[in-house]
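Trainee: Structure file work-v8.pdb (PDB, C-alpha atoms and all ligand atoms) right here:
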ATOM      1  CA  MET H   1      11.280  -2.442 -30.074
ATOM      2  CA  MET H   2      10.279   0.811 -28.380
ATOM      3  CA  ASP H   3      13.049   3.408 -28.178
ATOM      4  CA  PHE H   4      12.848   4.352 -24.488
ATOM      5  CA  GLY H   5      15.993   6.489 -24.780
ATOM      6  CA  LYS H   6      14.473   8.697 -27.458
ATOM      7  CA  ILE H   7      11.134   9.028 -25.665
ATOM      8  CA  ILE H   8      12.787   9.912 -22.343
ATOM      9  CA  ASP H   9      14.996  12.476 -24.010
ATOM     10  CA  HIS H  10      12.077  14.062 -25.837
ATOM     11  CA  ILE H  11       9.859  14.398 -22.729
ATOM     12  CA  TYR H  12      12.799  15.641 -20.687
ATOM     13  CA  GLN H  13      13.567  18.411 -23.195
ATOM     14  CA  GLN H  14       9.883  19.362 -23.457
ATOM     15  CA  LEU H  15       9.544  19.715 -19.687
ATOM     16  CA  LEU H  16      12.645  21.888 -19.491
ATOM     17  CA  LEU H  17      10.824  24.374 -21.729
ATOM     18  CA  GLU H  18       7.823  24.472 -19.381
ATOM     19  CA  LYS H  19       7.681  26.517 -16.209
ATOM     20  CA  ASN H  20       8.706  24.448 -13.191
ATOM     21  CA  LEU H  21       6.111  24.891 -10.424
ATOM     22  CA  GLY H  22       5.883  24.046  -6.713
ATOM     23  CA  GLN H  23       8.210  24.487  -3.747
ATOM     24  CA  VAL H  24      11.162  22.596  -2.358
ATOM     25  CA  ALA H  25      10.251  20.920   0.971
ATOM     26  CA  GLY H  26      10.972  23.542   3.592
ATOM     27  CA  TYR H  27       9.883  21.833   6.810
ATOM     28  CA  ILE H  28      13.186  19.930   6.991
ATOM     29  CA  PRO H  29      15.589  22.920   6.975
ATOM     30  CA  GLU H  30      18.463  21.011   5.385
ATOM     31  CA  LEU H  31      16.290  19.872   2.453
ATOM     32  CA  ALA H  32      15.427  23.476   1.611
ATOM     33  CA  THR H  33      19.039  24.099   0.548
ATOM     34  CA  VAL H  34      18.757  21.830  -2.517
ATOM     35  CA  ASP H  35      18.926  23.384  -6.016
ATOM     36  CA  SER H  36      15.246  23.416  -7.043
ATOM     37  CA  GLU H  37      16.001  23.071 -10.770
ATOM     38  CA  LYS H  38      17.743  19.701 -10.595
ATOM     39  CA  PHE H  39      16.059  17.161 -12.838
ATOM     40  CA  GLY H  40      17.115  13.577 -13.451
ATOM     41  CA  VAL H  41      15.579  10.449 -14.957
ATOM     42  CA  CYS H  42      16.740   6.841 -15.137
ATOM     43  CA  LEU H  43      14.947   3.761 -16.445
ATOM     44  CA  ILE H  44      16.382   0.260 -16.134
ATOM     45  CA  ASN H  45      14.685  -2.648 -17.849
ATOM     46  CA  THR H  46      14.745  -6.341 -17.043
ATOM     47  CA  ASP H  47      17.481  -6.833 -19.685
ATOM     48  CA  ASN H  48      19.578  -4.451 -17.590
ATOM     49  CA  GLN H  49      19.546  -1.712 -20.220
ATOM     50  CA  CYS H  50      19.702   1.767 -18.778
ATOM     51  CA  PHE H  51      18.150   4.934 -20.294
ATOM     52  CA  SER H  52      18.732   8.250 -18.607
ATOM     53  CA  ALA H  53      18.619  12.044 -18.781
ATOM     54  CA  GLY H  54      19.845  15.087 -16.864
ATOM     55  CA  ASP H  55      21.022  14.791 -13.256
ATOM     56  CA  TRP H  56      20.441  11.036 -13.083
ATOM     57  CA  GLN H  57      23.697  10.282 -11.292
ATOM     58  CA  GLU H  58      23.445  13.000  -8.657
ATOM     59  CA  GLN H  59      22.376  11.912  -5.194
ATOM     60  CA  PHE H  60      19.393  13.345  -3.316
ATOM     61  CA  SER H  61      17.519  12.512  -0.124
ATOM     62  CA  ILE H  62      15.498   9.289  -0.424
ATOM     63  CA  GLN H  63      12.989  10.333   2.311
ATOM     64  CA  SER H  64       9.711   8.388   2.147
ATOM     65  CA  ILE H  65      10.821   6.183  -0.743
ATOM     66  CA  VAL H  66      12.841   4.200   1.796
ATOM     67  CA  LYS H  67       9.560   3.147   3.428
ATOM     68  CA  VAL H  68       9.108   0.567   0.658
ATOM     69  CA  VAL H  69      12.437  -1.036   1.523
ATOM     70  CA  THR H  70      11.862  -1.037   5.284
ATOM     71  CA  LEU H  71       8.392  -2.481   4.718
ATOM     72  CA  SER H  72       9.840  -5.215   2.473
ATOM     73  CA  LEU H  73      12.330  -6.203   5.173
ATOM     74  CA  ALA H  74       9.651  -6.460   7.847
ATOM     75  CA  TYR H  75       7.235  -8.279   5.532
ATOM     76  CA  GLN H  76       9.920 -10.740   4.422
ATOM     77  CA  LYS H  77      10.324 -11.815   8.066
ATOM     78  CA  LEU H  78       6.801 -11.584   9.465
ATOM     79  CA  ASP H  79       4.613 -12.121   6.415
ATOM     80  CA  ALA H  80       0.884 -11.575   7.178
ATOM     81  CA  GLN H  81       1.559 -11.194  10.908
ATOM     82  CA  LEU H  82       2.848  -7.702  10.116
ATOM     83  CA  TRP H  83      -0.696  -6.500   9.347
ATOM     84  CA  GLN H  84      -1.619  -6.743  13.010
ATOM     85  CA  ARG H  85       0.536  -3.657  13.599
ATOM     86  CA  VAL H  86      -0.196  -1.642  10.442
ATOM     87  CA  GLY H  87      -3.031  -1.681   7.869
ATOM     88  CA  VAL H  88      -3.044  -1.634   4.061
ATOM     89  CA  GLU H  89      -5.780   0.913   3.341
ATOM     90  CA  PRO H  90      -5.158   4.287   1.695
ATOM     91  CA  SER H  91      -5.678   7.019   4.238
ATOM     92  CA  GLY H  92      -6.867   9.922   2.091
ATOM     93  CA  THR H  93      -5.073  12.236   4.510
ATOM     94  CA  PRO H  94      -1.655  13.948   4.448
ATOM     95  CA  PHE H  95       1.386  11.830   5.365
ATOM     96  CA  ASN H  96       1.729  13.236   8.888
ATOM     97  CA  ASN H  97      -1.940  13.224   9.873
ATOM     98  CA  LEU H  98      -2.656  12.645  13.554
ATOM     99  CA  SER H  99      -6.413  12.556  13.974
ATOM    100  CA  ARG H 100      -7.107   9.150  12.387
ATOM    101  CA  LEU H 101      -4.813   7.353  14.806
ATOM    102  CA  GLU H 102      -7.107   8.079  17.715
ATOM    103  CA  SER H 103     -10.134   6.343  16.192
ATOM    104  CA  ASP H 104      -7.922   3.560  14.762
ATOM    105  CA  TYR H 105      -6.545   2.630  18.227
ATOM    106  CA  GLY H 106      -2.975   3.495  17.285
ATOM    107  CA  ILE H 107      -2.867   1.144  14.260
ATOM    108  CA  PRO H 108      -1.783   3.272  11.271
ATOM    109  CA  ARG H 109      -3.866   2.925   8.124
ATOM    110  CA  ASN H 110      -0.889   1.961   5.958
ATOM    111  CA  PRO H 111       2.908   1.512   6.103
ATOM    112  CA  PHE H 112       3.657   4.577   3.944
ATOM    113  CA  SER H 113       2.078   7.139   6.226
ATOM    114  CA  ASN H 114       4.670   8.473   8.666
ATOM    115  CA  ALA H 115       2.920   6.689  11.534
ATOM    116  CA  GLY H 116       2.958   3.409   9.606
ATOM    117  CA  ALA H 117       6.616   3.741   8.656
ATOM    118  CA  ILE H 118       7.529   4.526  12.273
ATOM    119  CA  VAL H 119       5.793   1.297  13.376
ATOM    120  CA  VAL H 120       7.706  -0.620  10.686
ATOM    121  CA  CYS H 121      10.965   0.858  12.064
ATOM    122  CA  ASP H 122       9.960  -0.351  15.533
ATOM    123  CA  VAL H 123       9.320  -3.834  14.075
ATOM    124  CA  LEU H 124      12.757  -3.861  12.393
ATOM    125  CA  MET H 125      14.397  -2.962  15.705
ATOM    126  CA  GLU H 126      12.769  -6.052  17.158
ATOM    127  CA  LEU H 127      13.817  -8.260  14.248
ATOM    128  CA  PHE H 128      17.439  -7.177  13.783
ATOM    129  CA  SER H 129      20.189  -6.283  16.226
ATOM    130  CA  ASP H 130      21.635  -3.709  13.785
ATOM    131  CA  PRO H 131      18.679  -2.600  11.623
ATOM    132  CA  ARG H 132      20.542   0.399  10.110
ATOM    133  CA  GLU H 133      23.151  -1.957   8.714
ATOM    134  CA  VAL H 134      20.458  -4.292   7.364
ATOM    135  CA  VAL H 135      18.699  -1.435   5.516
ATOM    136  CA  ILE H 136      21.855   0.110   4.075
ATOM    137  CA  SER H 137      23.277  -3.222   2.962
ATOM    138  CA  MET H 138      20.008  -4.183   1.265
ATOM    139  CA  LEU H 139      20.138  -0.887  -0.660
ATOM    140  CA  ARG H 140      23.817  -1.344  -1.566
ATOM    141  CA  THR H 141      23.325  -4.935  -2.674
ATOM    142  CA  LEU H 142      20.279  -4.132  -4.782
ATOM    143  CA  ALA H 143      21.996  -1.131  -6.367
ATOM    144  CA  ALA H 144      25.246  -3.131  -6.779
ATOM    145  CA  ASP H 145      26.908   0.018  -5.475
ATOM    146  CA  ASP H 146      28.461   0.691  -2.065
ATOM    147  CA  ASP H 147      28.252   4.465  -2.461
ATOM    148  CA  ILE H 148      24.944   4.733  -0.559
ATOM    149  CA  ASN H 149      25.108   6.317   2.896
ATOM    150  CA  PHE H 150      23.148   8.078   5.613
ATOM    151  CA  THR H 151      23.321  11.891   5.498
ATOM    152  CA  GLN H 152      24.000  13.076   9.023
ATOM    153  CA  ALA H 153      23.111  16.724   8.325
ATOM    154  CA  ILE H 154      19.644  15.811   7.030
ATOM    155  CA  ALA H 155      18.909  13.353   9.846
ATOM    156  CA  ALA H 156      20.027  15.917  12.439
ATOM    157  CA  SER H 157      17.956  18.637  10.788
ATOM    158  CA  GLU H 158      14.848  16.450  10.930
ATOM    159  CA  LYS H 159      15.516  15.340  14.484
ATOM    160  CA  SER H 160      15.677  18.955  15.584
ATOM    161  CA  GLU H 161      12.259  19.839  14.156
ATOM    162  CA  GLY H 162      10.337  16.570  13.779
ATOM    163  CA  TYR H 163       7.613  17.511  16.239
ATOM    164  CA  ARG H 164       4.742  15.917  14.357
ATOM    165  CA  ASN H 165       6.567  12.628  14.001
ATOM    166  CA  MET H 166       7.325  12.761  17.710
ATOM    167  CA  ALA H 167       3.642  13.331  18.413
ATOM    168  CA  LEU H 168       2.664  10.378  16.224
ATOM    169  CA  ALA H 169       5.211   8.082  17.836
ATOM    170  CA  TYR H 170       4.348   9.046  21.433
ATOM    171  CA  PHE H 171       0.683   8.612  20.675
ATOM    172  CA  MET H 172       1.225   5.121  19.256
ATOM    173  CA  LYS H 173       3.444   4.292  22.224
ATOM    174  CA  SER H 174       0.591   5.229  24.532
ATOM    175  CA  MET H 175      -1.647   2.819  22.582
ATOM    176  CA  GLY H 176       0.923  -0.003  22.845
ATOM    177  CA  ASN H 177       1.920  -0.071  19.152
ATOM    178  CA  ILE H 178       5.539   1.097  19.672
ATOM    179  CA  LYS H 179       7.644  -1.316  21.730
ATOM    180  CA  HIS H 180      10.994   0.503  21.922
ATOM    181  CA  GLU H 181      11.863   3.918  23.331
ATOM    182  CA  VAL H 182      10.295   6.557  21.089
ATOM    183  CA  GLU H 183      13.588   8.509  20.771
ATOM    184  CA  ASP H 184      15.412   5.399  19.519
ATOM    185  CA  VAL H 185      12.706   4.509  17.001
ATOM    186  CA  LEU H 186      12.614   8.077  15.657
ATOM    187  CA  ASP H 187      16.416   8.234  15.421
ATOM    188  CA  PHE H 188      16.318   5.130  13.265
ATOM    189  CA  TYR H 189      13.380   6.472  11.203
ATOM    190  CA  PHE H 190      15.088   9.832  10.547
ATOM    191  CA  ASP H 191      18.348   8.077   9.693
ATOM    192  CA  VAL H 192      16.798   5.852   7.027
ATOM    193  CA  CYS H 193      14.896   8.821   5.541
ATOM    194  CA  SER H 194      18.225  10.694   5.233
ATOM    195  CA  ILE H 195      19.905   8.131   2.949
ATOM    196  CA  ALA H 196      21.276   9.660  -0.274
ATOM    197  CA  VAL H 197      20.638   7.917  -3.605
ATOM    198  CA  SER H 198      20.737   8.848  -7.291
ATOM    199  CA  CYS H 199      18.039   8.085  -9.874
ATOM    200  CA  GLU H 200      20.284   5.331 -11.236
ATOM    201  CA  GLN H 201      20.700   3.734  -7.822
ATOM    202  CA  LEU H 202      16.970   4.015  -7.089
ATOM    203  CA  ALA H 203      15.982   2.472 -10.414
ATOM    204  CA  ARG H 204      18.363  -0.439  -9.750
ATOM    205  CA  ILE H 205      17.155  -0.879  -6.182
ATOM    206  CA  PHE H 206      13.492  -1.073  -7.219
ATOM    207  CA  MET H 207      14.124  -3.731  -9.837
ATOM    208  CA  TYR H 208      13.228  -6.291  -7.143
ATOM    209  CA  LEU H 209       9.636  -5.092  -7.417
ATOM    210  CA  ALA H 210       9.730  -5.237 -11.221
ATOM    211  CA  LYS H 211      11.204  -8.759 -10.951
ATOM    212  CA  HIS H 212       8.616 -10.238  -8.592
ATOM    213  CA  GLY H 213      10.841 -10.104  -5.513
ATOM    214  CA  ARG H 214      14.255 -10.933  -7.010
ATOM    215  CA  SER H 215      17.252  -8.625  -7.425
ATOM    216  CA  ALA H 216      18.097  -7.285 -10.919
ATOM    217  CA  ASP H 217      20.798  -9.948 -11.431
ATOM    218  CA  GLY H 218      18.427 -12.669 -10.199
ATOM    219  CA  LYS H 219      20.925 -13.678  -7.472
ATOM    220  CA  TYR H 220      18.910 -12.646  -4.432
ATOM    221  CA  SER H 221      15.320 -13.242  -3.531
ATOM    222  CA  TYR H 222      13.881 -10.610  -1.187
ATOM    223  CA  LEU H 223      10.199 -11.364  -1.406
ATOM    224  CA  SER H 224       8.005 -14.173  -2.687
ATOM    225  CA  GLU H 225       5.978 -13.407  -5.816
ATOM    226  CA  GLY H 226       2.854 -13.022  -3.691
ATOM    227  CA  GLN H 227       4.606 -10.602  -1.334
ATOM    228  CA  ALA H 228       5.988  -8.541  -4.245
ATOM    229  CA  LYS H 229       2.472  -8.337  -5.693
ATOM    230  CA  ARG H 230       1.160  -7.021  -2.392
ATOM    231  CA  ILE H 231       3.923  -4.425  -1.945
ATOM    232  CA  ASN H 232       3.246  -3.180  -5.485
ATOM    233  CA  ALA H 233      -0.449  -2.966  -4.613
ATOM    234  CA  ILE H 234       0.302  -0.887  -1.509
ATOM    235  CA  MET H 235       2.493   1.415  -3.613
ATOM    236  CA  LEU H 236      -0.338   1.876  -6.105
ATOM    237  CA  THR H 237      -2.956   2.635  -3.466
ATOM    238  CA  CYS H 238      -0.877   4.456  -0.820
ATOM    239  CA  GLY H 239       2.400   5.568  -2.447
ATOM    240  CA  PHE H 240       1.593   9.244  -3.035
ATOM    241  CA  TYR H 241       0.188  10.663   0.196
ATOM    242  CA  ASP H 242      -3.402  11.723  -0.479
ATOM    243  CA  GLU H 243      -2.703  11.946  -4.214
ATOM    244  CA  ALA H 244      -2.448   8.181  -4.826
ATOM    245  CA  GLY H 245      -5.715   8.097  -6.769
ATOM    246  CA  ASP H 246      -4.540  10.904  -9.010
ATOM    247  CA  PHE H 247      -1.198   9.191  -9.616
ATOM    248  CA  ALA H 248      -2.925   5.918 -10.580
ATOM    249  CA  PHE H 249      -5.249   7.914 -12.847
ATOM    250  CA  ARG H 250      -2.507   9.921 -14.540
ATOM    251  CA  VAL H 251       0.430   7.507 -14.550
ATOM    252  CA  GLY H 252      -0.997   4.028 -13.976
ATOM    253  CA  LEU H 253       2.003   2.419 -12.280
ATOM    254  CA  PRO H 254       2.794   1.406  -8.700
ATOM    255  CA  GLY H 255       5.247   3.885  -7.253
ATOM    256  CA  LYS H 256       6.473   5.842  -4.261
ATOM    257  CA  SER H 257       7.463   9.438  -3.810
ATOM    258  CA  GLY H 258       9.463  11.287  -1.179
ATOM    259  CA  VAL H 259       9.725  14.909  -0.077
ATOM    260  CA  GLY H 260      13.302  14.983  -1.429
ATOM    261  CA  GLY H 261      11.603  15.231  -4.864
ATOM    262  CA  GLY H 262      12.224  11.649  -5.932
ATOM    263  CA  ILE H 263       9.626   9.307  -7.411
ATOM    264  CA  VAL H 264      10.182   5.692  -8.363
ATOM    265  CA  ALA H 265       7.654   3.736 -10.421
ATOM    266  CA  VAL H 266       7.651   0.098 -11.429
ATOM    267  CA  MET H 267       6.214  -1.780 -14.402
ATOM    268  CA  PRO H 268       6.219  -5.397 -13.155
ATOM    269  CA  GLY H 269       8.076  -7.703 -15.526
ATOM    270  CA  GLU H 270       9.455  -4.789 -17.534
ATOM    271  CA  PHE H 271      11.243  -1.899 -15.849
ATOM    272  CA  SER H 272      11.871   0.368 -12.909
ATOM    273  CA  LEU H 273      11.933   4.132 -13.487
ATOM    274  CA  ALA H 274      13.225   6.839 -11.136
ATOM    275  CA  VAL H 275      12.804  10.605 -11.529
ATOM    276  CA  TRP H 276      14.047  13.453  -9.372
ATOM    277  CA  SER H 277      12.983  17.096  -9.354
ATOM    278  CA  PRO H 278      12.856  18.828  -5.933
ATOM    279  CA  ARG H 279       9.930  21.209  -6.426
ATOM    280  CA  LEU H 280       6.851  19.613  -4.831
ATOM    281  CA  ASN H 281       3.181  20.235  -5.569
ATOM    282  CA  GLU H 282       0.782  21.074  -2.747
ATOM    283  CA  LYS H 283       0.319  17.361  -1.949
ATOM    284  CA  GLY H 284       4.064  16.861  -1.475
ATOM    285  CA  ASN H 285       4.848  15.042  -4.731
ATOM    286  CA  SER H 286       7.465  16.190  -7.245
ATOM    287  CA  TYR H 287       5.726  18.490  -9.721
ATOM    288  CA  ARG H 288       7.999  17.756 -12.669
ATOM    289  CA  GLY H 289       8.459  14.127 -11.688
ATOM    290  CA  LEU H 290       4.716  13.563 -11.932
ATOM    291  CA  ARG H 291       4.485  15.372 -15.260
ATOM    292  CA  PHE H 292       7.356  13.320 -16.617
ATOM    293  CA  LEU H 293       5.786  10.003 -15.612
ATOM    294  CA  GLU H 294       2.382  10.974 -16.970
ATOM    295  CA  HIS H 295       3.864  11.878 -20.364
ATOM    296  CA  PHE H 296       6.026   8.748 -20.315
ATOM    297  CA  THR H 297       3.207   6.262 -19.768
ATOM    298  CA  ASP H 298       0.988   8.133 -22.260
ATOM    299  CA  ALA H 299       3.731   7.997 -24.911
ATOM    300  CA  THR H 300       4.806   4.387 -24.328
ATOM    301  CA  GLU H 301       1.464   2.929 -23.208
ATOM    302  CA  ARG H 302       3.490   0.965 -20.650
ATOM    303  CA  THR H 303       1.142   0.953 -17.679
ATOM    304  CA  ILE H 304      -0.553  -1.740 -15.606
ATOM    305  CA  PHE H 305      -3.964  -0.651 -16.901
TER     306      PHE H 305
HETATM  307  N1  LIG X   1      11.318  12.097   6.798
HETATM  308  C1  LIG X   1      10.141  12.721   6.275
HETATM  309  C2  LIG X   1       9.122  12.970   7.367
HETATM  310  O1  LIG X   1       8.909  12.149   8.195
HETATM  311  C3  LIG X   1       9.601  11.847   5.190
HETATM  312  C4  LIG X   1       8.489  12.512   4.512
HETATM  313  C5  LIG X   1       8.246  12.044   3.117
HETATM  314  O2  LIG X   1       9.135  11.915   2.276
HETATM  315  O3  LIG X   1       7.081  11.798   2.862
HETATM  316  O4  LIG X   1       8.530  13.992   7.445
END
Show me the file's structure as structure tokens.
Ligand code: GLU

Mentor:
Amino acid sequence: MMDFGKIIDHIYQQLLLEKNLGQVAGYIPELATVDSEKFGVCLINTDNQCFSAGDWQEQFSIQSIVKVVTLSLAYQKLDAQLWQRVGVEPSGTPFNNLSRLESDYGIPRNPFSNAGAIVVCDVLMELFSDPREVVISMLRTLAADDDINFTQAIAASEKSEGYRNMALAYFMKSMGNIKHEVEDVLDFYFDVCSIAVSCEQLARIFMYLAKHGRSADGKYSYLSEGQAKRINAIMLTCGFYDEAGDFAFRVGLPGKSGVGGGIVAVMPGEFSLAVWSPRLNEKGNSYRGLRFLEHFTDATERTIF
């Protein structure tokens, strides 16, 4: 059997010797205060074995990674009807791009762009009377850990400067694709992006996508097998801003990144793997996180291709 622990440790040590490049996300002032040299890794396999390195138990801001969970909740309820409000095509543009929305009549290209995730938040507000509670309890249940919370300082920091997201949301409202008050939808969106998780918690949470829709312990079913397949496909094609093609090329796994420096990747039927390193490349993905995952799938040959 492959020694994941040894391989993870080896790549981790190698990367520590290399220069760490990129910048911590600065456009959310509170995120810029994070120690840029943090580096954590955690892999959990379907036998519930855990392999880890570095700052794997330290919490960081989930940011866009939460979009997979909010999408899953909306998809679980609405199934294919959801695609009337948001598409499933990669956009090839940065995550906060505005221009496409005009020609697309306010229907975002995919649920992982900011516009798409804001629509999904609007959908969740329609589906649930307390959507914040639904999101946080899904995360806590999947992680089997109640120590997962919103981070008020980060949400407030984003609310104070989230002008582009406001522009996106008002524009979609004008096109009829946001049903609630824009301020309320954005409050909810910023709150879910502010949730703090560790690599260990993230790897546990994403086991439902490695286990075809079921939680790690098999007790809960969140998505049907067909739905889990489709969410994994959206992660592969749209999970890395306009670097999704490069991620598929270099790493070869479905995954999602966030501007907090986290990346989670899934090998269906085998494992879920979370990495965290706050310095981002120019596309907004964790520089070291990407390098780690590329070396990992090269060394283990565990990839969907
Ligand atoms: N809350 C962030 C924003 O809307 C999420 C960005 C990200 O992680 O991609 O700008």

Trainee: Find the residues near Arg85 (chain H): any atom within 10 Å, counting only C-alpha atoms, skip ones fewer than 6 places away on the same chain, and give them as a list in words.

Mentor: Gly106, Ile107, Pro108, Arg109, Asn110, Pro111, Gly116, Val119, Val120, Val123, Gly176, Asn177 and Ile178 of chain H

Trainee: Give as a PDB file with C-alpha atoms, in the coordinates of the input the residues surrounding ligand LIG 1 (chain X) up to a distance of 9 Å, considering only C-alpha atoms and all ligand atoms.

Mentor:
ATOM      1  CA  TYR H  27       9.883  21.833   6.810  1.00  0.00           C
ATOM      2  CA  ILE H  28      13.186  19.930   6.991  1.00  0.00           C
ATOM      3  CA  SER H  61      17.519  12.512  -0.124  1.00  0.00           C
ATOM      4  CA  ILE H  62      15.498   9.289  -0.424  1.00  0.00           C
ATOM      5  CA  GLN H  63      12.989  10.333   2.311  1.00  0.00           C
ATOM      6  CA  SER H  64       9.711   8.388   2.147  1.00  0.00           C
ATOM      7  CA  ILE H  65      10.821   6.183  -0.743  1.00  0.00           C
ATOM      8  CA  VAL H  66      12.841   4.200   1.796  1.00  0.00           C
ATOM      9  CA  LYS H  67       9.560   3.147   3.428  1.00  0.00           C
ATOM     10  CA  PHE H  95       1.386  11.830   5.365  1.00  0.00           C
ATOM     11  CA  ASN H  96       1.729  13.236   8.888  1.00  0.00           C
ATOM     12  CA  PHE H 112       3.657   4.577   3.944  1.00  0.00           C
ATOM     13  CA  SER H 113       2.078   7.139   6.226  1.00  0.00           C
ATOM     14  CA  ASN H 114       4.670   8.473   8.666  1.00  0.00           C
ATOM     15  CA  ALA H 115       2.920   6.689  11.534  1.00  0.00           C
ATOM     16  CA  ALA H 117       6.616   3.741   8.656  1.00  0.00           C
ATOM     17  CA  ILE H 118       7.529   4.526  12.273  1.00  0.00           C
ATOM     18  CA  ALA H 155      18.909  13.353   9.846  1.00  0.00           C
ATOM     19  CA  GLU H 158      14.848  16.450  10.930  1.00  0.00           C
ATOM     20  CA  GLY H 162      10.337  16.570  13.779  1.00  0.00           C
ATOM     21  CA  ARG H 164       4.742  15.917  14.357  1.00  0.00           C
ATOM     22  CA  ASN H 165       6.567  12.628  14.001  1.00  0.00           C
ATOM     23  CA  TYR H 189      13.380   6.472  11.203  1.00  0.00           C
ATOM     24  CA  PHE H 190      15.088   9.832  10.547  1.00  0.00           C
ATOM     25  CA  ASP H 191      18.348   8.077   9.693  1.00  0.00           C
ATOM     26  CA  VAL H 192      16.798   5.852   7.027  1.00  0.00           C
ATOM     27  CA  CYS H 193      14.896   8.821   5.541  1.00  0.00           C
ATOM     28  CA  SER H 194      18.225  10.694   5.233  1.00  0.00           C
ATOM     29  CA  PHE H 240       1.593   9.244  -3.035  1.00  0.00           C
ATOM     30  CA  TYR H 241       0.188  10.663   0.196  1.00  0.00           C
ATOM     31  CA  SER H 257       7.463   9.438  -3.810  1.00  0.00           C
ATOM     32  CA  GLY H 258       9.463  11.287  -1.179  1.00  0.00           C
ATOM     33  CA  VAL H 259       9.725  14.909  -0.077  1.00  0.00           C
ATOM     34  CA  GLY H 260      13.302  14.983  -1.429  1.00  0.00           C
ATOM     35  CA  GLY H 261      11.603  15.231  -4.864  1.00  0.00           C
ATOM     36  CA  GLY H 262      12.224  11.649  -5.932  1.00  0.00           C
ATOM     37  CA  GLY H 284       4.064  16.861  -1.475  1.00  0.00           C
ATOM     38  CA  ASN H 285       4.848  15.042  -4.731  1.00  0.00           C
TER      39      ASN H 285
END

Trainee: Return as JSON lines the residues of region 60-105 of chain H lying at most 9 Å from region 225-238 of chain H, together with the closest atom-to-atom pair for each and the distance in Å to one decimal, counting only C-alpha atoms, with rows in chain order and ascending residue number.

Mentor:
{"residue": "H:Val68", "atom": "CA", "partner": "H:Ile231", "partner_atom": "CA", "distance": 7.7}
{"residue": "H:Leu71", "atom": "CA", "partner": "H:Ile231", "partner_atom": "CA", "distance": 8.3}
{"residue": "H:Ser72", "atom": "CA", "partner": "H:Ile231", "partner_atom": "CA", "distance": 7.4}
{"residue": "H:Tyr75", "atom": "CA", "partner": "H:Gln227", "partner_atom": "CA", "distance": 7.7}
{"residue": "H:Gln76", "atom": "CA", "partner": "H:Gln227", "partner_atom": "CA", "distance": 7.8}
{"residue": "H:Asp79", "atom": "CA", "partner": "H:Gln227", "partner_atom": "CA", "distance": 7.9}
{"residue": "H:Val88", "atom": "CA", "partner": "H:Ile234", "partner_atom": "CA", "distance": 6.5}
{"residue": "H:Glu89", "atom": "CA", "partner": "H:Cys238", "partner_atom": "CA", "distance": 7.3}
{"residue": "H:Pro90", "atom": "CA", "partner": "H:Cys238", "partner_atom": "CA", "distance": 5.0}
{"residue": "H:Ser91", "atom": "CA", "partner": "H:Cys238", "partner_atom": "CA", "distance": 7.4}
{"residue": "H:Gly92", "atom": "CA", "partner": "H:Cys238", "partner_atom": "CA", "distance": 8.6}

Trainee: Here is a test: counting only C-alpha atoms, which residue of H:Trp83, H:Phe4, H:Phe305, H:Phe247 is nearest to Val264 (chain H)?

Mentor: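 Of all the options, H:Phe247 lies closest to Val264 (chain H).
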
Trainee: Take CA of Leu273 (chain H) and CA of Cys42 (chain H) and report the distance between them in Å, one decimal.

Mentor: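 According to the coordinates, CA of Leu273 (chain H) and CA of Cys42 (chain H) are separated by 5.8 Å.
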
Trainee: Given only C-alpha atoms as the basis, pick out the residue of H:Cys199, H:Leu186, H:Ala216, H:Val86 nearest to Thr141 (chain H).

Mentor: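 When distances to Thr141 (chain H) are compared using only C-alpha atoms, the smallest one comes from H:Ala216.
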
Trainee: With only C-alpha atoms counted, which protein, DNA or RNA residues have an atom no more than 10 Å from (8.8, 19.4, -18.8) in the file frame? Please answer as a list in words.

Mentor: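 Result, sorted by chain then residue number: His10, Ile11, Tyr12, Gln13, Gln14, Leu15, Leu16, Leu17, Glu18, Lys19, Asn20, Phe39, Tyr287, Arg288, Gly289, Leu290, Arg291, Phe292 and His295 of chain H.
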
Trainee: To test your reading of the syntax: which residues would the PyMOL selection byres (((chain H and resi 46) around 8) and not hetatm) return for the file shown? Reply as a ChimeraX atom specification.

Mentor: /H:44-45,47-49,207,210-211,216,269-271

Trainee: Just the residues within 7 Å of Ala53 (chain H), please, counting all atoms listed in the file, with nothing from its chain fewer than 2 positions along; format it as a list in words.

Mentor: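 Near Ala53 (chain H), the qualifying residues are Asp9, Gly40, Val41, Cys42, Asp55 and Trp56 of chain H.
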
Trainee: Extract, using only C-alpha atoms, all DNA, RNA and protein residues at most 7 Å from Thr303 (chain H), discarding same-chain residues fewer than 2 positions from it, and format them as a list in words.

Mentor: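 These residues fall inside the cut-off: Gly252, Leu253, Met267, Thr297, Glu301 and Phe305 of chain H.
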
Trainee: Name the closest residue to Ser224 (chain H) among the candidates H:Val275, H:Tyr208, H:Phe249, H:Asp3; distances are taken between atoms, counting all atoms listed in the file.

Mentor: H:Tyr208

Trainee: Using all atoms listed in the file, pick whichever of H:Leu73, H:Val266, H:Leu202, H:Val182 has the shortest atom-to-atom distance to Phe128 (chain H).

Mentor: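 Among the listed residues, H:Leu73 lies closest to Phe128 (chain H).
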